[in-house]
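Written out below as structure tokens is the structure these notes cover.
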Amino acid sequence: MSEQPQAGAVLLARPELLDPNFDTTVVLLCQHDASGSFGVILNRPIQNLSPAKMLPEADWAKEVPQSVFWGGPVQETRMHALHAAPPTGNDALLVLPEMSFGGDLPALARFHADGHAIRLFMGYSGWDSGQLQSEIDLGVWATTATTARFIWDTPPDQLWRRLIGQADPQYQWLDADPECN
């Protein structure tokens, strides 16, 4: 059996994973326990969709100009946030040092306006109890550790190829190939 995933790890879709929802995706695992797992896809920005376009009536949405990301196929109409603020509120979790999931979006937009990192997602990726481990055991996901700084500093379109070789040596050549995403 392969290693157990844990919150803060990234899941990297191997080429063997044929689900188009997850082709060459990097999923940050936000929670993993006996009840199941969930995370967000870090490398799927939704082109030309900003928070202000989605929520024109929300003043806070104008504070976050970057693209919204597609977090996964579960609850695709709900917005979630990764941010560099400490977790505050009942729905916030510390995922990595300097990276939390969830929280009050207007407060996080003000935090972003002060120069702190935030990334917004529509939907998330989720697995029932034991489902993710079964998929890892089948070999369709590779797992590796990373840091918040690496996630914030690496362009989303480079995340998968930069991490897959770290997770699985047979794919190290992809990091050197500029054509691979």
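Ordered as shown in the structure tokens, chains take letters A, B, and onward, while each chain numbers its residues from 1 and ligands are numbered from 1 in the order shown.
Shell of Ile41 of chain A at 6 Å, with only C-alpha atoms counted and residues fewer than 4 places along the chain excluded, is Val26, Val27 and Gly71 of chain A.
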Subject >> Residues near Glu16 of chain A, cut-off 12 Å, only C-alpha atoms, skip fewer than 6 positions along chain, as an MDAnalysis selection string >> reply: chainID A and resid 22:24 135:136 138:142
Could you dump the residues just selected with C-alpha atoms as a tab-separated table (two decimals), in the first residue's frame?
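result.tsv written:
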chain	number	residue	atom	x	y	z
A	22	PHE	CA	-8.28	16.13	-13.35
A	23	ASP	CA	-5.97	15.95	-16.39
A	24	THR	CA	-2.55	17.32	-15.29
A	135	GLU	CA	-7.13	6.01	-6.14
A	136	ILE	CA	-3.58	6.52	-4.86
A	138	LEU	CA	-4.33	2.38	-8.15
A	139	GLY	CA	-1.49	4.70	-9.15
A	140	VAL	CA	-3.52	7.56	-10.64
A	141	TRP	CA	-2.31	10.16	-8.10
A	142	ALA	CA	1.20	10.96	-6.97
Near segment 89-98 of chain A, within 6 Å and counting only C-alpha atoms, which residues show up once chain neighbours fewer than 5 positions away are dropped, as a CSV table (one decimal) with N, CA and C atoms, in the first residue's frame?
chain,number,residue,atom,x,y,z
A,8,GLY,N,-2.3,19.4,3.5
A,8,GLY,CA,-1.1,20.2,3.1
A,8,GLY,C,-0.3,19.5,2.0
A,30,CYS,N,-6.7,19.9,1.4
A,30,CYS,CA,-7.0,20.8,2.6
A,30,CYS,C,-7.4,20.1,3.8
A,84,ALA,N,-3.1,33.7,2.8
A,84,ALA,CA,-1.9,33.7,3.7
A,84,ALA,C,-2.3,34.2,5.1
A,103,GLY,N,-12.8,31.0,5.4
A,103,GLY,CA,-12.9,32.3,6.1
A,103,GLY,C,-13.9,33.3,5.5
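Using only C-alpha atoms, the residues found no farther than 7 Å from Asn48 of chain A, other than those of its own chain fewer than 2 positions away, are Ile46, Ser50 and Ser67 of chain A.
Using only C-alpha atoms, the residues found no farther than 8 Å from segment 113-120 of chain A, other than those of its own chain fewer than 5 positions away, are Pro51, Glu63, Val64, Gln66, Ser67, Val68, Phe69, Met79, His80, Ala81, Leu82, His83, Ala84, Ala85, Leu108 and Trp152 of chain A.
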Would you mind exporting the chosen residues as a PDB file, in the first residue's frame, restricted to N, CA and C atoms?
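So the final result, stored in result_24.pdb, reads:
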ATOM      1  N   PRO A  51     -13.423  37.969  -9.502  1.00  0.00           N
ATOM      2  CA  PRO A  51     -14.456  38.086  -8.473  1.00  0.00           C
ATOM      3  C   PRO A  51     -15.430  39.235  -8.769  1.00  0.00           C
ATOM      4  N   GLU A  63     -11.611  44.204  -4.800  1.00  0.00           N
ATOM      5  CA  GLU A  63     -10.295  44.199  -4.153  1.00  0.00           C
ATOM      6  C   GLU A  63      -9.416  43.043  -4.612  1.00  0.00           C
ATOM      7  N   VAL A  64     -10.002  42.024  -5.258  1.00  0.00           N
ATOM      8  CA  VAL A  64      -9.261  40.825  -5.677  1.00  0.00           C
ATOM      9  C   VAL A  64      -9.340  40.735  -7.201  1.00  0.00           C
ATOM     10  N   GLN A  66      -7.433  39.243  -9.530  1.00  0.00           N
ATOM     11  CA  GLN A  66      -6.953  38.084 -10.294  1.00  0.00           C
ATOM     12  C   GLN A  66      -8.103  37.156 -10.682  1.00  0.00           C
ATOM     13  N   SER A  67      -7.797  36.206 -11.543  1.00  0.00           N
ATOM     14  CA  SER A  67      -8.784  35.225 -11.984  1.00  0.00           C
ATOM     15  C   SER A  67      -9.247  34.352 -10.828  1.00  0.00           C
ATOM     16  N   VAL A  68     -10.472  33.905 -10.946  1.00  0.00           N
ATOM     17  CA  VAL A  68     -11.000  32.886 -10.061  1.00  0.00           C
ATOM     18  C   VAL A  68     -10.541  31.546 -10.633  1.00  0.00           C
ATOM     19  N   PHE A  69     -10.268  30.579  -9.767  1.00  0.00           N
ATOM     20  CA  PHE A  69      -9.830  29.251 -10.187  1.00  0.00           C
ATOM     21  C   PHE A  69     -10.980  28.264 -10.060  1.00  0.00           C
ATOM     22  N   MET A  79     -18.025  29.701  -3.726  1.00  0.00           N
ATOM     23  CA  MET A  79     -16.683  30.262  -3.748  1.00  0.00           C
ATOM     24  C   MET A  79     -15.941  29.914  -2.462  1.00  0.00           C
ATOM     25  N   HIS A  80     -14.669  29.566  -2.618  1.00  0.00           N
ATOM     26  CA  HIS A  80     -13.781  29.235  -1.500  1.00  0.00           C
ATOM     27  C   HIS A  80     -12.492  30.039  -1.663  1.00  0.00           C
ATOM     28  N   ALA A  81     -11.719  30.131  -0.591  1.00  0.00           N
ATOM     29  CA  ALA A  81     -10.478  30.909  -0.653  1.00  0.00           C
ATOM     30  C   ALA A  81      -9.325  30.163  -0.011  1.00  0.00           C
ATOM     31  N   LEU A  82      -8.151  30.296  -0.627  1.00  0.00           N
ATOM     32  CA  LEU A  82      -6.868  29.984   0.003  1.00  0.00           C
ATOM     33  C   LEU A  82      -6.218  31.329   0.249  1.00  0.00           C
ATOM     34  N   HIS A  83      -5.567  31.474   1.380  1.00  0.00           N
ATOM     35  CA  HIS A  83      -4.990  32.778   1.698  1.00  0.00           C
ATOM     36  C   HIS A  83      -3.851  32.630   2.686  1.00  0.00           C
ATOM     37  N   ALA A  84      -3.094  33.699   2.822  1.00  0.00           N
ATOM     38  CA  ALA A  84      -1.936  33.711   3.714  1.00  0.00           C
ATOM     39  C   ALA A  84      -2.285  34.202   5.121  1.00  0.00           C
ATOM     40  N   ALA A  85      -3.554  34.474   5.381  1.00  0.00           N
ATOM     41  CA  ALA A  85      -3.980  34.906   6.719  1.00  0.00           C
ATOM     42  C   ALA A  85      -4.103  33.697   7.642  1.00  0.00           C
ATOM     43  N   LEU A 108     -11.120  38.752   3.917  1.00  0.00           N
ATOM     44  CA  LEU A 108      -9.944  38.287   3.182  1.00  0.00           C
ATOM     45  C   LEU A 108      -9.605  39.216   2.024  1.00  0.00           C
ATOM     46  N   TRP A 152       2.408  30.068  -3.905  1.00  0.00           N
ATOM     47  CA  TRP A 152       2.157  31.483  -4.227  1.00  0.00           C
ATOM     48  C   TRP A 152       3.084  31.980  -5.331  1.00  0.00           C
TER      49      TRP A 152
END
Original post:
Ile164 of chain A: which residues within 12 Å, counting only C-alpha atoms, same-chain residues fewer than 2 positions away excluded, as a PyMOL selection string?
Top reply: chain A and resi 10-15+24-27+141-146+158-162+166-176+180-181
Skipping near chain neighbours, those fewer than 6 positions away, what residues fall within 7 Å of Tyr124 of chain A using only C-alpha atoms, listed as a PDB file with C-alpha atoms, in the first residue's frame?
ATOM      1  CA  PHE A  38     -11.178  17.551   0.063  1.00  0.00           C
ATOM      2  CA  GLY A  39      -8.912  19.999  -1.696  1.00  0.00           C
ATOM      3  CA  VAL A  40      -8.762  22.568  -4.476  1.00  0.00           C
ATOM      4  CA  GLY A  71     -11.388  24.154  -7.546  1.00  0.00           C
ATOM      5  CA  GLY A  72     -13.075  20.972  -8.693  1.00  0.00           C
ATOM      6  CA  PRO A  73     -16.384  19.366  -9.636  1.00  0.00           C
ATOM      7  CA  VAL A  74     -18.074  19.533  -6.205  1.00  0.00           C
ATOM      8  CA  GLN A  75     -20.312  22.525  -5.373  1.00  0.00           C
TER       9      GLN A  75
END
**OP:** Pull the helix (DSSP H, G or I) assignments for chain A out of DSSP run on the backbone, and list those residues as a ChimeraX atom specification.
**Re:** /A:20-22,51-54,59-63,105-113,131-138,148-153,156-167,169-171,173-176
Output file for the selection above: N, CA and C atoms, as a compact mmCIF listing (two decimals), in the first residue's frame:
# COMPACT_ATOMS: atom_id res chain seq x y z
N PRO A 20 -11.13 13.70 -17.38
CA PRO A 20 -10.73 15.01 -17.91
C PRO A 20 -10.83 16.14 -16.87
N ASN A 21 -11.63 15.96 -15.83
CA ASN A 21 -11.69 16.96 -14.77
C ASN A 21 -10.34 17.14 -14.09
N PHE A 22 -9.52 16.10 -14.11
CA PHE A 22 -8.28 16.13 -13.35
C PHE A 22 -7.02 15.98 -14.20
N PRO A 51 -13.42 37.97 -9.50
CA PRO A 51 -14.46 38.09 -8.47
C PRO A 51 -15.43 39.24 -8.77
N ALA A 52 -14.93 40.35 -9.29
CA ALA A 52 -15.80 41.49 -9.59
C ALA A 52 -16.81 41.16 -10.68
N LYS A 53 -16.43 40.35 -11.66
CA LYS A 53 -17.38 39.93 -12.70
C LYS A 53 -18.43 38.98 -12.13
N MET A 54 -18.01 38.13 -11.21
CA MET A 54 -18.94 37.17 -10.61
C MET A 54 -19.91 37.83 -9.65
N ASP A 59 -18.73 44.96 -2.98
CA ASP A 59 -17.60 45.90 -3.01
C ASP A 59 -16.27 45.18 -2.79
N TRP A 60 -16.26 44.17 -1.91
CA TRP A 60 -15.01 43.48 -1.62
C TRP A 60 -14.44 42.78 -2.85
N ALA A 61 -15.31 42.35 -3.77
CA ALA A 61 -14.86 41.59 -4.95
C ALA A 61 -13.94 42.43 -5.84
N LYS A 62 -14.08 43.74 -5.79
CA LYS A 62 -13.21 44.61 -6.59
C LYS A 62 -11.79 44.63 -6.05
N GLU A 63 -11.61 44.20 -4.80
CA GLU A 63 -10.29 44.20 -4.15
C GLU A 63 -9.42 43.04 -4.61
N LEU A 105 -14.96 36.06 3.21
CA LEU A 105 -14.42 36.60 1.96
C LEU A 105 -14.23 38.12 1.99
N PRO A 106 -15.17 38.91 2.48
CA PRO A 106 -14.91 40.36 2.53
C PRO A 106 -13.69 40.71 3.38
N ALA A 107 -13.51 40.03 4.52
CA ALA A 107 -12.33 40.29 5.36
C ALA A 107 -11.06 39.86 4.63
N LEU A 108 -11.12 38.75 3.92
CA LEU A 108 -9.94 38.29 3.18
C LEU A 108 -9.60 39.22 2.02
N ALA A 109 -10.62 39.82 1.40
CA ALA A 109 -10.35 40.79 0.33
C ALA A 109 -9.62 42.01 0.89
N ARG A 110 -9.98 42.45 2.07
CA ARG A 110 -9.26 43.57 2.69
C ARG A 110 -7.82 43.16 3.00
N PHE A 111 -7.66 41.94 3.46
CA PHE A 111 -6.33 41.39 3.73
C PHE A 111 -5.50 41.42 2.44
N HIS A 112 -6.12 41.01 1.32
CA HIS A 112 -5.45 41.03 0.03
C HIS A 112 -5.10 42.46 -0.38
N ALA A 113 -6.00 43.39 -0.13
CA ALA A 113 -5.75 44.80 -0.48
C ALA A 113 -4.52 45.34 0.26
N GLN A 131 -11.84 6.61 -0.45
CA GLN A 131 -11.82 6.73 -1.91
C GLN A 131 -10.48 7.27 -2.42
N LEU A 132 -9.97 8.31 -1.80
CA LEU A 132 -8.70 8.87 -2.27
C LEU A 132 -7.57 7.86 -2.11
N GLN A 133 -7.51 7.19 -0.98
CA GLN A 133 -6.46 6.20 -0.78
C GLN A 133 -6.55 5.10 -1.84
N SER A 134 -7.75 4.69 -2.19
CA SER A 134 -7.92 3.68 -3.24
C SER A 134 -7.38 4.17 -4.58
N GLU A 135 -7.63 5.45 -4.90
CA GLU A 135 -7.13 6.01 -6.14
C GLU A 135 -5.61 6.12 -6.14
N ILE A 136 -5.04 6.47 -4.99
CA ILE A 136 -3.58 6.52 -4.86
C ILE A 136 -3.00 5.12 -5.03
N ASP A 137 -3.64 4.14 -4.40
CA ASP A 137 -3.17 2.75 -4.51
C ASP A 137 -3.25 2.24 -5.96
N LEU A 138 -4.21 2.74 -6.74
CA LEU A 138 -4.33 2.38 -8.15
C LEU A 138 -3.26 3.05 -9.01
N ALA A 148 3.73 26.81 1.10
CA ALA A 148 2.86 27.91 0.67
C ALA A 148 3.63 28.84 -0.26
N ARG A 149 4.86 29.14 0.07
CA ARG A 149 5.66 30.05 -0.76
C ARG A 149 5.80 29.51 -2.17
N PHE A 150 6.04 28.21 -2.34
CA PHE A 150 6.15 27.62 -3.67
C PHE A 150 4.83 27.80 -4.44
N ILE A 151 3.72 27.55 -3.77
CA ILE A 151 2.41 27.69 -4.42
C ILE A 151 2.16 29.13 -4.83
N TRP A 152 2.41 30.07 -3.91
CA TRP A 152 2.16 31.48 -4.23
C TRP A 152 3.08 31.98 -5.33
N ASP A 153 4.34 31.51 -5.35
CA ASP A 153 5.34 32.06 -6.26
C ASP A 153 5.41 31.38 -7.63
N PRO A 156 0.63 29.21 -12.02
CA PRO A 156 -0.23 28.02 -12.02
C PRO A 156 0.01 27.07 -13.18
N ASP A 157 0.33 27.59 -14.35
CA ASP A 157 0.54 26.71 -15.50
C ASP A 157 1.85 25.94 -15.42
N GLN A 158 2.69 26.23 -14.44
CA GLN A 158 3.95 25.51 -14.26
C GLN A 158 3.94 24.55 -13.06
N LEU A 159 2.92 24.62 -12.24
CA LEU A 159 2.90 23.81 -11.02
C LEU A 159 3.02 22.31 -11.27
N TRP A 160 2.19 21.78 -12.18
CA TRP A 160 2.17 20.33 -12.38
C TRP A 160 3.53 19.82 -12.84
N ARG A 161 4.08 20.42 -13.87
CA ARG A 161 5.36 19.91 -14.39
C ARG A 161 6.50 20.14 -13.41
N ARG A 162 6.42 21.16 -12.58
CA ARG A 162 7.49 21.40 -11.61
C ARG A 162 7.41 20.42 -10.44
N LEU A 163 6.22 19.90 -10.14
CA LEU A 163 6.06 19.01 -8.98
C LEU A 163 6.02 17.53 -9.33
N ILE A 164 5.57 17.16 -10.51
CA ILE A 164 5.37 15.73 -10.81
C ILE A 164 6.69 14.95 -10.75
N GLY A 165 7.77 15.53 -11.21
CA GLY A 165 9.06 14.83 -11.14
C GLY A 165 9.57 14.69 -9.72
N GLN A 166 9.20 15.63 -8.87
CA GLN A 166 9.54 15.53 -7.44
C GLN A 166 8.79 14.38 -6.79
N ALA A 167 7.55 14.17 -7.23
CA ALA A 167 6.73 13.11 -6.66
C ALA A 167 7.07 11.74 -7.24
N PRO A 169 10.08 10.06 -9.84
CA PRO A 169 11.27 10.28 -10.66
C PRO A 169 11.10 9.96 -12.15
N GLN A 170 10.18 9.07 -12.50
CA GLN A 170 10.01 8.77 -13.93
C GLN A 170 9.51 9.97 -14.73
N TYR A 171 9.02 11.00 -14.04
CA TYR A 171 8.52 12.19 -14.73
C TYR A 171 9.42 13.40 -14.55
N TRP A 173 11.86 14.46 -16.24
CA TRP A 173 12.16 15.10 -17.52
C TRP A 173 11.13 16.17 -17.88
N LEU A 174 9.89 16.07 -17.35
CA LEU A 174 8.86 17.04 -17.69
C LEU A 174 9.18 18.44 -17.21
N ASP A 175 9.89 18.55 -16.08
CA ASP A 175 10.23 19.87 -15.57
C ASP A 175 11.16 20.61 -16.52
N ALA A 176 11.96 19.89 -17.27
CA ALA A 176 12.90 20.50 -18.20
C ALA A 176 12.27 20.78 -19.57
Original post:
What residues in segment 15-70 of chain A get the DSSP label strand (DSSP E or B)? Please answer as a PyMOL selection string.
Top reply: chain A and resi 26-33+36-41+45+69-70
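For the atom pair formed by atom CA of His32 of chain A and atom CA of Pro155 of chain A, the distance is 25.7 Å, given to one decimal.
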